[in-house]
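Notes follow once the structure below has been shown.
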Amino acid sequence: MHFSIGRFRGVPKAPRLRNLNIYLWLCFIGFLYASVQIFTIPQSLEQGLQRLFSNYSSSSMDGFQRFSNYSSPSMDEFLYSLLKIDPSVFKPAKLSSDEMAAQVEKKTPNLPFRFWLEVKGQDKSKNASCAKFPSLYDLKYVNIHWQEVQTVDGPYYLFGAYFDNRTLAKDAPTVRLVGLIAKMNRKATLFCQLWFREHKEPAFAPVSDHTHLSISGGGVYKDGIIQPYMFSCPVPDEYKHTVPQAVSVVENPCDMATTNLKVNYILPPSGQKEGFAVCVKGVSLPFNDYSVRLIEWLELLFILGVDKVFLYNFDMHPNVTKVLSYYEGQGRVEITNLPLPGRQPSAFGLMNMFLKFIGVIKEHQETIPYNDCYLKNIYRYKYISALDIDEIIIPKVTSSWGTLMESIVTEALRDSQLPPSNYVFRNVYFLDDMGHSNETVPNIPRYMHMLQHLYRSPIYTKPGHYIKSLFDTERVLTIHNHYPFTCIGGNCWSYNVNTSAAHLQHYRHYCVPELASVCEKEYKNNSVLDESILKFKEPLILGVAKTMMKLGFINSSSYMLK
């Protein structure tokens, strides 16, 4: 009898091959048994899969020995468990149009994506050859936040649009826009195409105002350097009872627009304004881990009664991003990514170096995020302040901004029947190496920067210099980071808050460059102890510790106050 698989050059099957054939059959039977034992469920589907993969790399005999020791349900039960898995877990969730629009507008807040979805396919135009509603594919995007319109003066870079119907505004209702142009002496005549949900045709409105959003000086107030502006487009009388959803800026009313910005009109959910918001200019901290100091600053703002912080982000350290994302999830912080317009670089790291290089030009452009933040929130908050993350307004007597404002508003009205447009707080330096030591502030964690720095300059900076304000949203039209540019109804009236009531505590390594020559003599020598912040010590320490534990920055079991 010959080996059934075949012969090797006619050689008969040897007895040794017959034994091999038997051995192969035994291995095959063992493999089948092991396979049945693999596909079993000791207690759960997850454990069965873990057993399967943990033994997959073992030799067949080792696996056979181990699997033969298990007592478990049958292979049929395992397969039945697989059949019970809902196939939907493997399918991506299908978003509704409204959910998709919300996500897009969160990433690109100046795009009227929701309105575009509503009117897509509709004929929205003056006529077949005039002022067609632009598709979002027809727009000229500079990047995700800037749109471009070409004019005889060169490109206008538009950032945001806002509906302003405040009672005191003589041109209300109107649409305000903020943007940049590298031209001082403009020749272009611009128009707004205002798009409404309720009307097929757009409304045409001439751009009636160009408010420059910067102060002269520093060599930046000239052609060739991008200038920040606020533009106004009054809503025509026949449309004044409706709110435009989007606006396009063109040179001629019938032009096919290359811009289409969402008109922001954000009302408070409760119908009543909240108290305070803080706007923070574009932050560029890609390499410095400012996370713990940022937590301390935010927690103190919330203790003082700030309802929300709006922060614009150039680029940030991962830990800073983690902190802000945590507070954003709580609804107490809102982050807007802020790329640079035009040909300025927006790449990570390079943008940070570029912003340092352009110096005063950076400050020139910072008024765009400030005014975007302000104009978006004029209906939501009574007062808005523009602060940096190294400065904070501290009440001397009261324990919150709310109680502070109650007292100083009453005091201000003694001098005038007209309320102030803004309330000014004097600047005082708390520099890093001003005579503090841990022994002077017992029971304070060393990572608490503000609580560990209780020594300040003996004098304030000059009145009007480096101050910060609380802006009355009923009266201020455009803002600088220090004071208003323009106010509704004419001149702005600033009320200077007495330093005995409150001041601006400014935490820096050294004085600003403009004061470097006198910093040692006038501001650092003879520093004085100021414990105004200590009344917030306990809630601030606990708030910071709680947040750091939730973020994994410290271990809750090892945390102790030292």
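Identifiers in this document derive from the order of the structure tokens: chains are assigned A, B, ..., residues are numbered from 1 separately in each chain, and ligands are numbered from 1 in order of occurrence.
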Considering only C-alpha atoms, give me a table of residues in range 155-270 of chain A that are at most 10 Å from range 327-343 of chain A, with the closest atom pair and distance in Å for each, as a Markdown table.
| residue | atom | partner | partner_atom | distance |
| --- | --- | --- | --- | --- |
| A:Pro155 | CA | A:Gly342 | CA | 8.9 |
| A:Tyr156 | CA | A:Gly342 | CA | 9.6 |
| A:Tyr157 | CA | A:Pro341 | CA | 7.0 |
| A:Leu158 | CA | A:Pro341 | CA | 9.2 |
| A:Phe159 | CA | A:Pro341 | CA | 9.2 |
| A:Gly179 | CA | A:Pro341 | CA | 9.7 |
| A:Leu180 | CA | A:Pro341 | CA | 8.5 |
| A:Ile181 | CA | A:Gly342 | CA | 9.9 |
| A:Ile226 | CA | A:Gly342 | CA | 9.3 |
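Among the candidates A:Pro345, A:Phe231, A:Asp171, A:His453, the residue lying nearest to Leu190 in chain A is A:Phe231 (atoms considered: only C-alpha atoms).
Distance-wise, CA of Ser517 in chain A and CA of Ile392 in chain A end up 25.0 Å apart.
Excluding Leu294 in chain A itself and any same-chain residue fewer than 2 positions from it, the protein and nucleic acid residues within 10 Å of it, counting only C-alpha atoms, are Asp289, Tyr290, Ser291, Val292, Glu296, Trp297, Leu298, Glu299, Leu300, Val320, Val323, Leu324, Ile389, Asp390, His449 and Val544 of chain A.
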Using N, CA and C atoms, can you write the selected residues to a file as a PDB file, in the first residue's frame?
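Everything below was put into selection-v2.pdb:
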ATOM      1  N   ASP A 289       4.785  77.174  30.006  1.00  0.00           N
ATOM      2  CA  ASP A 289       3.677  76.543  30.710  1.00  0.00           C
ATOM      3  C   ASP A 289       3.148  77.505  31.775  1.00  0.00           C
ATOM      4  N   TYR A 290       2.145  78.264  31.389  1.00  0.00           N
ATOM      5  CA  TYR A 290       1.539  79.283  32.254  1.00  0.00           C
ATOM      6  C   TYR A 290       0.290  78.738  32.928  1.00  0.00           C
ATOM      7  N   SER A 291       0.132  77.407  32.916  1.00  0.00           N
ATOM      8  CA  SER A 291      -1.156  76.809  33.272  1.00  0.00           C
ATOM      9  C   SER A 291      -1.574  77.075  34.712  1.00  0.00           C
ATOM     10  N   VAL A 292      -0.669  76.916  35.683  1.00  0.00           N
ATOM     11  CA  VAL A 292      -1.056  77.066  37.088  1.00  0.00           C
ATOM     12  C   VAL A 292      -1.381  78.524  37.401  1.00  0.00           C
ATOM     13  N   GLU A 296      -5.054  80.135  38.729  1.00  0.00           N
ATOM     14  CA  GLU A 296      -5.200  81.063  39.853  1.00  0.00           C
ATOM     15  C   GLU A 296      -5.909  82.339  39.409  1.00  0.00           C
ATOM     16  N   TRP A 297      -5.538  82.853  38.261  1.00  0.00           N
ATOM     17  CA  TRP A 297      -6.134  84.087  37.741  1.00  0.00           C
ATOM     18  C   TRP A 297      -7.615  83.891  37.438  1.00  0.00           C
ATOM     19  N   LEU A 298      -7.966  82.803  36.765  1.00  0.00           N
ATOM     20  CA  LEU A 298      -9.361  82.548  36.423  1.00  0.00           C
ATOM     21  C   LEU A 298     -10.208  82.322  37.675  1.00  0.00           C
ATOM     22  N   GLU A 299      -9.679  81.528  38.611  1.00  0.00           N
ATOM     23  CA  GLU A 299     -10.448  81.252  39.826  1.00  0.00           C
ATOM     24  C   GLU A 299     -10.719  82.538  40.615  1.00  0.00           C
ATOM     25  N   LEU A 300      -9.748  83.443  40.656  1.00  0.00           N
ATOM     26  CA  LEU A 300      -9.958  84.700  41.366  1.00  0.00           C
ATOM     27  C   LEU A 300     -10.999  85.561  40.649  1.00  0.00           C
ATOM     28  N   VAL A 320      -1.710  74.745  28.956  1.00  0.00           N
ATOM     29  CA  VAL A 320      -2.591  75.912  28.936  1.00  0.00           C
ATOM     30  C   VAL A 320      -3.877  75.576  28.182  1.00  0.00           C
ATOM     31  N   VAL A 323      -6.093  73.506  30.435  1.00  0.00           N
ATOM     32  CA  VAL A 323      -6.775  74.326  31.439  1.00  0.00           C
ATOM     33  C   VAL A 323      -7.986  75.032  30.827  1.00  0.00           C
ATOM     34  N   LEU A 324      -7.775  75.684  29.696  1.00  0.00           N
ATOM     35  CA  LEU A 324      -8.853  76.451  29.082  1.00  0.00           C
ATOM     36  C   LEU A 324      -9.979  75.546  28.593  1.00  0.00           C
ATOM     37  N   ILE A 389      -3.664  88.458  31.241  1.00  0.00           N
ATOM     38  CA  ILE A 389      -3.699  87.386  32.236  1.00  0.00           C
ATOM     39  C   ILE A 389      -2.694  87.594  33.367  1.00  0.00           C
ATOM     40  N   ASP A 390      -2.021  88.739  33.386  1.00  0.00           N
ATOM     41  CA  ASP A 390      -1.131  89.054  34.504  1.00  0.00           C
ATOM     42  C   ASP A 390      -1.632  90.264  35.302  1.00  0.00           C
ATOM     43  N   HIS A 449       0.978  82.164  42.657  1.00  0.00           N
ATOM     44  CA  HIS A 449       1.824  83.311  42.338  1.00  0.00           C
ATOM     45  C   HIS A 449       1.304  84.607  42.958  1.00  0.00           C
ATOM     46  N   VAL A 544      -8.228  76.573  43.276  1.00  0.00           N
ATOM     47  CA  VAL A 544      -7.080  76.198  42.458  1.00  0.00           C
ATOM     48  C   VAL A 544      -6.736  74.729  42.675  1.00  0.00           C
TER      49      VAL A 544
END
Subject >> strand (DSSP E or B) per DSSP on the backbone: members of range 128-310 of chain A, as JSON, numbers by chain >> reply: {"A": [130, 131, 132, 141, 147, 148, 149, 150, 151, 154, 155, 156, 157, 158, 159, 160, 161, 162, 163, 164, 174, 175, 176, 177, 178, 179, 180, 181, 191, 192, 193, 194, 195, 203, 204, 205, 206, 209, 210, 211, 212, 227, 228, 229, 230, 231, 232, 233, 234, 246, 247, 248, 249, 250, 261, 262, 263, 264, 274, 275, 276, 277, 278, 279, 280, 281, 282, 283, 284, 285, 308, 309, 310]}
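Using only C-alpha atoms, the contacts of Pro112 in chain A at a cut-off of 6 Å, with sequence neighbours closer than 2 positions omitted, comprise Arg114, Phe115, Leu261 and Lys262 of chain A.
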inquiry  = I need the helix (DSSP H, G or I) residues of range 113-348 of chain A per DSSP on the backbone, written as a PyMOL selection string.
reply    = chain A and resi 113-119+237-239+291-304+318-329
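Once Val306 in chain A and its same-chain neighbours fewer than 5 positions away are set aside, Glu274, Gly275, Phe276, Ala277, Val278, Leu298, Glu299, Leu300, Leu301, Arg332, Tyr381, Tyr383, Ile384, Ser385, Ser400, Trp401 and Gly402 of chain A remain within 10 Å of it when counting only C-alpha atoms.
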Could those selected residues go to a file with C-alpha atoms, as a short mmCIF file (atom, residue, chain, number, x, y, z; two decimals), in the first residue's frame?
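Result saved to part_35.cif:
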data_model
loop_
_atom_site.label_atom_id
_atom_site.label_comp_id
_atom_site.auth_asym_id
_atom_site.auth_seq_id
_atom_site.Cartn_x
_atom_site.Cartn_y
_atom_site.Cartn_z
CA GLU A 274 -25.47 89.29 33.60
CA GLY A 275 -22.93 91.37 35.49
CA PHE A 276 -19.39 91.06 34.15
CA ALA A 277 -17.34 89.61 31.30
CA VAL A 278 -13.61 89.80 30.64
CA LEU A 298 -9.36 82.55 36.42
CA GLU A 299 -10.45 81.25 39.83
CA LEU A 300 -9.96 84.70 41.37
CA LEU A 301 -11.99 86.32 38.58
CA ARG A 332 -17.09 79.78 32.11
CA TYR A 381 -23.32 91.75 30.21
CA TYR A 383 -19.87 95.67 32.14
CA ILE A 384 -16.96 94.32 30.11
CA SER A 385 -13.27 94.67 30.88
CA SER A 400 -16.74 91.45 44.66
CA TRP A 401 -16.96 93.55 41.53
CA GLY A 402 -20.73 93.69 41.96
#
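Distance check against Leu177 in chain A using only C-alpha atoms: of A:Met230, A:Leu213, A:Val119, A:Val512, the minimum falls on A:Met230.
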*asked:* Which residues are near range 469-485 of chain A? Cut-off 6 Å, only C-alpha atoms, ignore same chain within fewer than 2 positions. Put them as an MDAnalysis selection string.
replied: chainID A and resid 378 382:386 421:424 467 487:488
Env of Gln272 in chain A: 9 Å cut, atoms = only C-alpha atoms, seq-sep filter 2 positions within chain, self excluded. Answer as a PyMOL selection string. chain A and resi 267-270+274+379-381
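Reported to one decimal place, the separation of CA of Val207 in chain A from CA of Thr189 in chain A is 7.6 Å.
When only C-alpha atoms are used to compute distances to Leu375 in chain A, the closest of the residues A:Ser96, A:Ser527, A:Ala102, A:Tyr265 turns out to be A:Tyr265.
Put simply, CA of Pro206 in chain A is 9.9 Å away from CA of Pro236 in chain A.
For the residues A:Tyr239, A:Tyr460, A:Tyr229, A:Phe113, ranking by smallest atom-to-atom distance to Glu198 in chain A using only C-alpha atoms places A:Tyr239 first.
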